[in-house]
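One structure below.
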Amino acid sequence: MDQVLRNRSLWMGLLLCAAAGFARPVFAAAGENPDLEAQFEQGMEALEQEHYKSAIETFRSILTRDTSLDRARLELALSYYRTLRYQEAERLAQEVLDNPQTPPEVRVTVLAFLAQVKRDSERYGQKHEVTPHLSIGVMHDSNVNIGPTDALIRFDLNPLPASALKRSGNAAVGTVGVDHLYQSGRRVELGQRTGMLVWQSGANLYWRRYHDFNDYDLLVASVNTGPAVLLLRHWRASLQLRSEFLDLGARALGWFHSVNPSITWQFKNGELNWDTLYTRRSYYRDSDSGREGDYVATGLNLGHYFNNRRGTATVGVRGIRFFADADQFAYSAAQVSAGLSTRTYKNGSAYVRGRFTYYDYDGDDPIFLKPRREKEYVGTVGLTHEFKQPDDLLKGWVANLFWEGTHNDSNIGQLFSYGRNQTMLMLSRDF
């Protein structure tokens, strides 16, 4: 898709250069018919403003009145190309190429345009892409007793966290799965512009197995599916349905069923993303029944590219609400986050992220008879290296080394204040 975006400005320049060879016939005819000249200028203005539907209607009208105007035919081909109508673009460009009066310098440009149209048609036309993937690694956890954690969902499973029973340990970590992308080849008309409809699905199995504390071994099996619409250089939107089965300590923990709509607006050197996550959490064990409920989170994330997209800076805000069956587990939360990543050397990049979340629980803690108020600070520092060189032993693999530190500050410090450090080395690749 990025290649298409780069080619948009490229082909504008190329076709304008090629069209110079046809400028005289067009304006000669326009001199005989001023309306035709005005109509052509309207089409060019619509094309420049990315009002593609109007541009297509205008250039088609011009060709209806005078079929010999190859300049208008090229502009119509470009309009079709930008609205993903590759067959129409190819047909019109071929007509210009078949015209024996087409100048040689224009033929070269049109041939290049045709080659690009064919490549994009094959790449973004109707097709299925299946991508298996695998990740394996090792982790050191300074506070195993905290149990599973997630960037968005606080599991909150343990009655006595690490402040009382802090234990460190090593674990093996892995993920195996498959992603499926169906490019329908269908266009979605959205005002003056055209989007591409795709369908994204996947199945994944994640595991974390501790060497010494198997009660905290975690297994997550998940499936997801849903549609997405891509509007080139403007925005993309998706709706994902997800179902996860969780197993903790070789015992079934529960099912999480989620709905996740999102939309991303793109602009020069950046993008703005909004998403909402709704999750229904159901547990198997009677002791966890009070933790069942509905989790809702929504927020905005702003990303900015710099240094010719070699670096990315992000900042985000999120509001969270968990409607648990028992008030002592229900909470409202506010979250802010920031991050920075940059390519630091050939095939390698570094990143740093930070997240702060304030939790306000509804009900009183049953021991201290007061509601919990907590501040959670999470920081991550990492380095990623892609093995791309022909002589790399791990060619095709990506190595990720990172450290993540968590500090939780609770008003019930005896039970819920803790610190945790996790260091992980992962190897991953797509097949």
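Following the order of the structure tokens, chains are lettered A, B, ..., residues in each are numbered from 1, and ligands are numbered from 1.
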Tell me which protein, DNA and RNA residues are within 9 Å of stretch 335-340 of chain A, counting only C-alpha atoms, leaving out same-chain ones fewer than 5 positions away, and put them as a PDB file with N, CA and C atoms, in the first residue's frame.
```
ATOM      1  N   GLY A 299      -9.953   5.866  23.259  1.00  0.00           N
ATOM      2  CA  GLY A 299      -8.908   6.878  23.331  1.00  0.00           C
ATOM      3  C   GLY A 299      -8.391   7.297  21.979  1.00  0.00           C
ATOM      4  N   ASN A 301      -4.738   8.417  19.783  1.00  0.00           N
ATOM      5  CA  ASN A 301      -3.281   8.301  19.730  1.00  0.00           C
ATOM      6  C   ASN A 301      -2.776   9.078  18.518  1.00  0.00           C
ATOM      7  N   GLY A 311      12.078   8.050  12.096  1.00  0.00           N
ATOM      8  CA  GLY A 311      11.673   8.085  13.498  1.00  0.00           C
ATOM      9  C   GLY A 311      10.198   8.374  13.646  1.00  0.00           C
ATOM     10  N   THR A 312       9.629   7.943  14.768  1.00  0.00           N
ATOM     11  CA  THR A 312       8.212   8.150  15.057  1.00  0.00           C
ATOM     12  C   THR A 312       8.051   8.543  16.523  1.00  0.00           C
ATOM     13  N   ALA A 313       7.260   9.591  16.759  1.00  0.00           N
ATOM     14  CA  ALA A 313       6.904   9.999  18.115  1.00  0.00           C
ATOM     15  C   ALA A 313       5.397   9.852  18.281  1.00  0.00           C
ATOM     16  N   THR A 314       4.955   9.324  19.417  1.00  0.00           N
ATOM     17  CA  THR A 314       3.534   9.113  19.665  1.00  0.00           C
ATOM     18  C   THR A 314       3.146   9.647  21.030  1.00  0.00           C
ATOM     19  N   VAL A 315       1.883  10.044  21.147  1.00  0.00           N
ATOM     20  CA  VAL A 315       1.307  10.437  22.426  1.00  0.00           C
ATOM     21  C   VAL A 315      -0.163  10.035  22.398  1.00  0.00           C
ATOM     22  N   GLY A 316      -0.667   9.554  23.523  1.00  0.00           N
ATOM     23  CA  GLY A 316      -2.035   9.063  23.549  1.00  0.00           C
ATOM     24  C   GLY A 316      -2.728   9.314  24.874  1.00  0.00           C
ATOM     25  N   VAL A 317      -4.059   9.333  24.827  1.00  0.00           N
ATOM     26  CA  VAL A 317      -4.892   9.449  26.028  1.00  0.00           C
ATOM     27  C   VAL A 317      -5.998   8.408  25.914  1.00  0.00           C
ATOM     28  N   ARG A 318      -6.436   7.887  27.066  1.00  0.00           N
ATOM     29  CA  ARG A 318      -7.461   6.838  27.054  1.00  0.00           C
ATOM     30  C   ARG A 318      -8.283   6.901  28.333  1.00  0.00           C
ATOM     31  N   GLY A 319      -9.578   6.695  28.166  1.00  0.00           N
ATOM     32  CA  GLY A 319     -10.475   6.557  29.298  1.00  0.00           C
ATOM     33  C   GLY A 319     -10.931   5.112  29.411  1.00  0.00           C
ATOM     34  N   ILE A 320     -11.005   4.599  30.640  1.00  0.00           N
ATOM     35  CA  ILE A 320     -11.289   3.179  30.865  1.00  0.00           C
ATOM     36  C   ILE A 320     -12.378   3.046  31.927  1.00  0.00           C
ATOM     37  N   ALA A 350      15.667   1.525  17.797  1.00  0.00           N
ATOM     38  CA  ALA A 350      15.491   1.557  19.247  1.00  0.00           C
ATOM     39  C   ALA A 350      14.179   2.265  19.565  1.00  0.00           C
ATOM     40  N   TYR A 351      13.604   1.939  20.711  1.00  0.00           N
ATOM     41  CA  TYR A 351      12.342   2.567  21.093  1.00  0.00           C
ATOM     42  C   TYR A 351      12.267   2.700  22.607  1.00  0.00           C
ATOM     43  N   VAL A 352      11.484   3.678  23.027  1.00  0.00           N
ATOM     44  CA  VAL A 352      11.216   3.900  24.445  1.00  0.00           C
ATOM     45  C   VAL A 352       9.757   4.309  24.576  1.00  0.00           C
ATOM     46  N   ARG A 353       9.073   3.767  25.562  1.00  0.00           N
ATOM     47  CA  ARG A 353       7.658   4.057  25.775  1.00  0.00           C
ATOM     48  C   ARG A 353       7.390   4.258  27.261  1.00  0.00           C
ATOM     49  N   GLY A 354       6.404   5.075  27.549  1.00  0.00           N
ATOM     50  CA  GLY A 354       5.997   5.290  28.931  1.00  0.00           C
ATOM     51  C   GLY A 354       4.479   5.354  29.023  1.00  0.00           C
ATOM     52  N   ARG A 355       3.937   4.889  30.146  1.00  0.00           N
ATOM     53  CA  ARG A 355       2.483   4.890  30.328  1.00  0.00           C
ATOM     54  C   ARG A 355       2.151   5.154  31.795  1.00  0.00           C
ATOM     55  N   PHE A 356       1.203   6.045  32.044  1.00  0.00           N
ATOM     56  CA  PHE A 356       0.731   6.316  33.399  1.00  0.00           C
ATOM     57  C   PHE A 356      -0.781   6.106  33.438  1.00  0.00           C
ATOM     58  N   THR A 357      -1.249   5.362  34.435  1.00  0.00           N
ATOM     59  CA  THR A 357      -2.677   5.097  34.580  1.00  0.00           C
ATOM     60  C   THR A 357      -3.097   5.340  36.026  1.00  0.00           C
ATOM     61  N   TYR A 358      -4.198   6.060  36.185  1.00  0.00           N
ATOM     62  CA  TYR A 358      -4.763   6.292  37.513  1.00  0.00           C
ATOM     63  C   TYR A 358      -6.053   5.477  37.632  1.00  0.00           C
ATOM     64  N   TYR A 359      -6.128   4.606  38.660  1.00  0.00           N
ATOM     65  CA  TYR A 359      -7.279   3.733  38.886  1.00  0.00           C
ATOM     66  C   TYR A 359      -8.064   4.209  40.099  1.00  0.00           C
TER      67      TYR A 359
END
```
Contacts of A:Gln192 at 10 Å (only C-alpha atoms; same-chain gap of 5+ positions) as JSON, numbers by chain: {"A": [46, 49, 50, 51, 52, 53, 54, 55, 83]}
Test item, alpha helix (DSSP H) assignment across stretch 150-234 of chain A, answer as number ranges by chain: A: 162-165
Store the residues picked out above in a file with C-alpha atoms, as a short mmCIF file (atom, residue, chain, number, x, y, z; two decimals), in the first residue's frame.
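To be explicit, this is the file written out as result-v1.cif:
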```cif
data_model
loop_
_atom_site.label_atom_id
_atom_site.label_comp_id
_atom_site.auth_asym_id
_atom_site.auth_seq_id
_atom_site.Cartn_x
_atom_site.Cartn_y
_atom_site.Cartn_z
CA ALA A 162 4.27 -8.91 45.09
CA SER A 163 4.68 -6.64 48.09
CA ALA A 164 3.83 -9.65 50.26
CA LEU A 165 5.12 -12.55 48.16
#
```
Distance query A:Glu95 at most 10 Å, only C-alpha atoms, self and fewer than 3 positions along chain excluded, as a PyMOL selection string: chain A and resi 70+73-74+90-92+98-99
Quick one: which stretch 303-341 of chain A residues come within 6 Å of stretch 270-279 of chain A, and what is the nearest atom pair for each with the distance in Å to one decimal, counting only C-alpha atoms, rows ordered by chain and ascending number, as CSV?
```
residue,atom,partner,partner_atom,distance
A:Gly303,CA,A:Gly270,CA,5.3
A:His304,CA,A:Gly270,CA,4.2
A:Tyr305,CA,A:Gly270,CA,5.5
```
Test item: residues at most 6 Å from stretch 407-417 of chain A, only C-alpha atoms, excluding those fewer than 4 positions along its chain, as a ChimeraX atom specification: /A:160,373-377
Selection file, C-alpha atoms, as a compact mmCIF listing (two decimals), in the first residue's frame:
```
# COMPACT_ATOMS: atom_id res chain seq x y z
CA LEU A 160 -1.68 -10.76 47.83
CA ARG A 373 -6.79 4.48 44.55
CA GLU A 374 -3.75 3.50 42.50
CA LYS A 375 -1.16 5.07 40.23
CA GLU A 376 0.60 2.76 37.81
CA TYR A 377 3.80 3.77 36.03
```
Members of stretch 232-335 of chain A assigned strand (DSSP E or B) by DSSP, as JSON, numbers by chain: {"A": [235, 236, 237, 238, 239, 240, 241, 242, 243, 244, 245, 246, 247, 248, 251, 252, 253, 254, 255, 256, 257, 258, 259, 260, 261, 262, 263, 264, 265, 266, 267, 270, 271, 272, 273, 274, 275, 276, 277, 278, 279, 280, 281, 282, 283, 293, 294, 295, 296, 297, 298, 299, 300, 301, 302, 303, 304, 305, 306, 311, 312, 313, 314, 315, 316, 317, 318, 319, 320, 321, 322, 323, 324, 331, 332, 333, 334, 335]}
Write the residues of the selection above to a file with C-alpha atoms, as a tab-separated table (two decimals), in the first residue's frame.
```
chain	number	residue	atom	x	y	z
A	235	TRP	CA	-7.88	7.30	6.35
A	236	ARG	CA	-8.44	3.65	7.15
A	237	ALA	CA	-11.06	2.04	9.36
A	238	SER	CA	-11.54	-1.45	10.75
A	239	LEU	CA	-13.85	-3.49	12.95
A	240	GLN	CA	-12.31	-6.50	14.68
A	241	LEU	CA	-14.15	-9.23	16.58
A	242	ARG	CA	-11.93	-11.22	18.93
A	243	SER	CA	-12.35	-14.19	21.24
A	244	GLU	CA	-9.69	-15.31	23.73
A	245	PHE	CA	-9.46	-18.36	25.96
A	246	LEU	CA	-7.12	-17.97	28.96
A	247	ASP	CA	-5.49	-20.71	30.98
A	248	LEU	CA	-3.52	-19.90	34.15
A	251	ARG	CA	-6.34	-24.42	34.86
A	252	ALA	CA	-8.99	-22.80	32.68
A	253	LEU	CA	-9.24	-19.16	33.67
A	254	GLY	CA	-11.90	-17.67	31.41
A	255	TRP	CA	-13.13	-16.34	28.08
A	256	PHE	CA	-12.72	-12.75	26.88
A	257	HIS	CA	-14.92	-11.70	23.92
A	258	SER	CA	-14.10	-8.32	22.37
A	259	VAL	CA	-15.29	-5.83	19.76
A	260	ASN	CA	-12.71	-3.31	18.59
A	261	PRO	CA	-13.65	-0.57	16.06
A	262	SER	CA	-10.95	1.91	15.02
A	263	ILE	CA	-10.30	4.64	12.50
A	264	THR	CA	-7.03	6.33	11.53
A	265	TRP	CA	-6.80	9.70	9.81
A	266	GLN	CA	-3.63	10.26	7.84
A	267	PHE	CA	-1.97	13.61	7.21
A	270	GLY	CA	1.65	11.73	10.80
A	271	GLU	CA	-1.67	10.18	11.68
A	272	LEU	CA	-4.37	10.30	14.36
A	273	ASN	CA	-6.00	7.09	15.57
A	274	TRP	CA	-9.20	6.62	17.56
A	275	ASP	CA	-10.29	3.22	18.82
A	276	THR	CA	-12.71	1.69	21.28
A	277	LEU	CA	-12.40	-1.71	22.93
A	278	TYR	CA	-15.33	-3.52	24.52
A	279	THR	CA	-14.61	-6.83	26.25
A	280	ARG	CA	-16.94	-9.20	28.06
A	281	ARG	CA	-14.89	-11.07	30.67
A	282	SER	CA	-16.20	-14.43	31.91
A	283	TYR	CA	-14.36	-16.70	34.37
A	293	GLY	CA	-18.02	-7.91	33.84
A	294	ASP	CA	-17.77	-5.53	30.93
A	295	TYR	CA	-14.59	-3.64	30.11
A	296	VAL	CA	-14.76	-0.50	27.93
A	297	ALA	CA	-11.83	1.67	26.85
A	298	THR	CA	-11.62	4.43	24.27
A	299	GLY	CA	-8.91	6.88	23.33
A	300	LEU	CA	-6.87	8.83	20.82
A	301	ASN	CA	-3.28	8.30	19.73
A	302	LEU	CA	-1.30	10.84	17.70
A	303	GLY	CA	1.76	9.78	15.75
A	304	HIS	CA	4.32	12.03	14.05
A	305	TYR	CA	7.03	10.92	11.60
A	306	PHE	CA	10.33	12.76	11.41
A	311	GLY	CA	11.67	8.08	13.50
A	312	THR	CA	8.21	8.15	15.06
A	313	ALA	CA	6.90	10.00	18.11
A	314	THR	CA	3.53	9.11	19.67
A	315	VAL	CA	1.31	10.44	22.43
A	316	GLY	CA	-2.03	9.06	23.55
A	317	VAL	CA	-4.89	9.45	26.03
A	318	ARG	CA	-7.46	6.84	27.05
A	319	GLY	CA	-10.47	6.56	29.30
A	320	ILE	CA	-11.29	3.18	30.86
A	321	ARG	CA	-14.28	1.75	32.70
A	322	PHE	CA	-14.66	-1.77	34.09
A	323	PHE	CA	-18.15	-2.78	35.21
A	324	ALA	CA	-17.35	-5.76	37.41
A	331	TYR	CA	-13.03	0.80	38.51
A	332	SER	CA	-12.68	3.89	36.36
A	333	ALA	CA	-9.29	4.82	34.98
A	334	ALA	CA	-7.52	7.53	33.00
A	335	GLN	CA	-4.38	6.79	31.01
```
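Going from atom CA of A:Tyr182 to atom CA of A:Glu129 covers 6.4 Å.
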Show which residues sit within 10 Å of A:Asn307, as a compact mmCIF listing (two decimals) with N, CA and C atoms, in the first residue's frame. Count only C-alpha atoms, and ignore same-chain residues fewer than 6 positions away.
```txt
# COMPACT_ATOMS: atom_id res chain seq x y z
N ASN A 269 3.15 13.60 7.30
CA ASN A 269 4.10 13.24 8.36
C ASN A 269 3.43 12.82 9.67
N THR A 342 13.18 5.13 16.71
CA THR A 342 14.01 5.67 15.64
C THR A 342 14.96 4.60 15.13
N ARG A 343 15.25 4.65 13.85
CA ARG A 343 16.22 3.74 13.27
C ARG A 343 17.61 4.21 13.69
```
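With only C-alpha atoms as the basis for measurement, A:Gln183 is the residue among A:Ser135, A:Thr67, A:Gln183, A:Gln116 that approaches A:Gly195 most closely.
Going from atom CA of A:Glu292 to atom CA of A:Val144 covers 23.3 Å.
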Among listed residues A:Val130, A:Ala203, A:Met139, A:Leu78, nearest A:Ser168 (using only C-alpha atoms): A:Met139
For A:Ala93: contacts at 8 Å, only C-alpha atoms, fewer than 3 positions along chain excluded, given as a count of residues only: 10
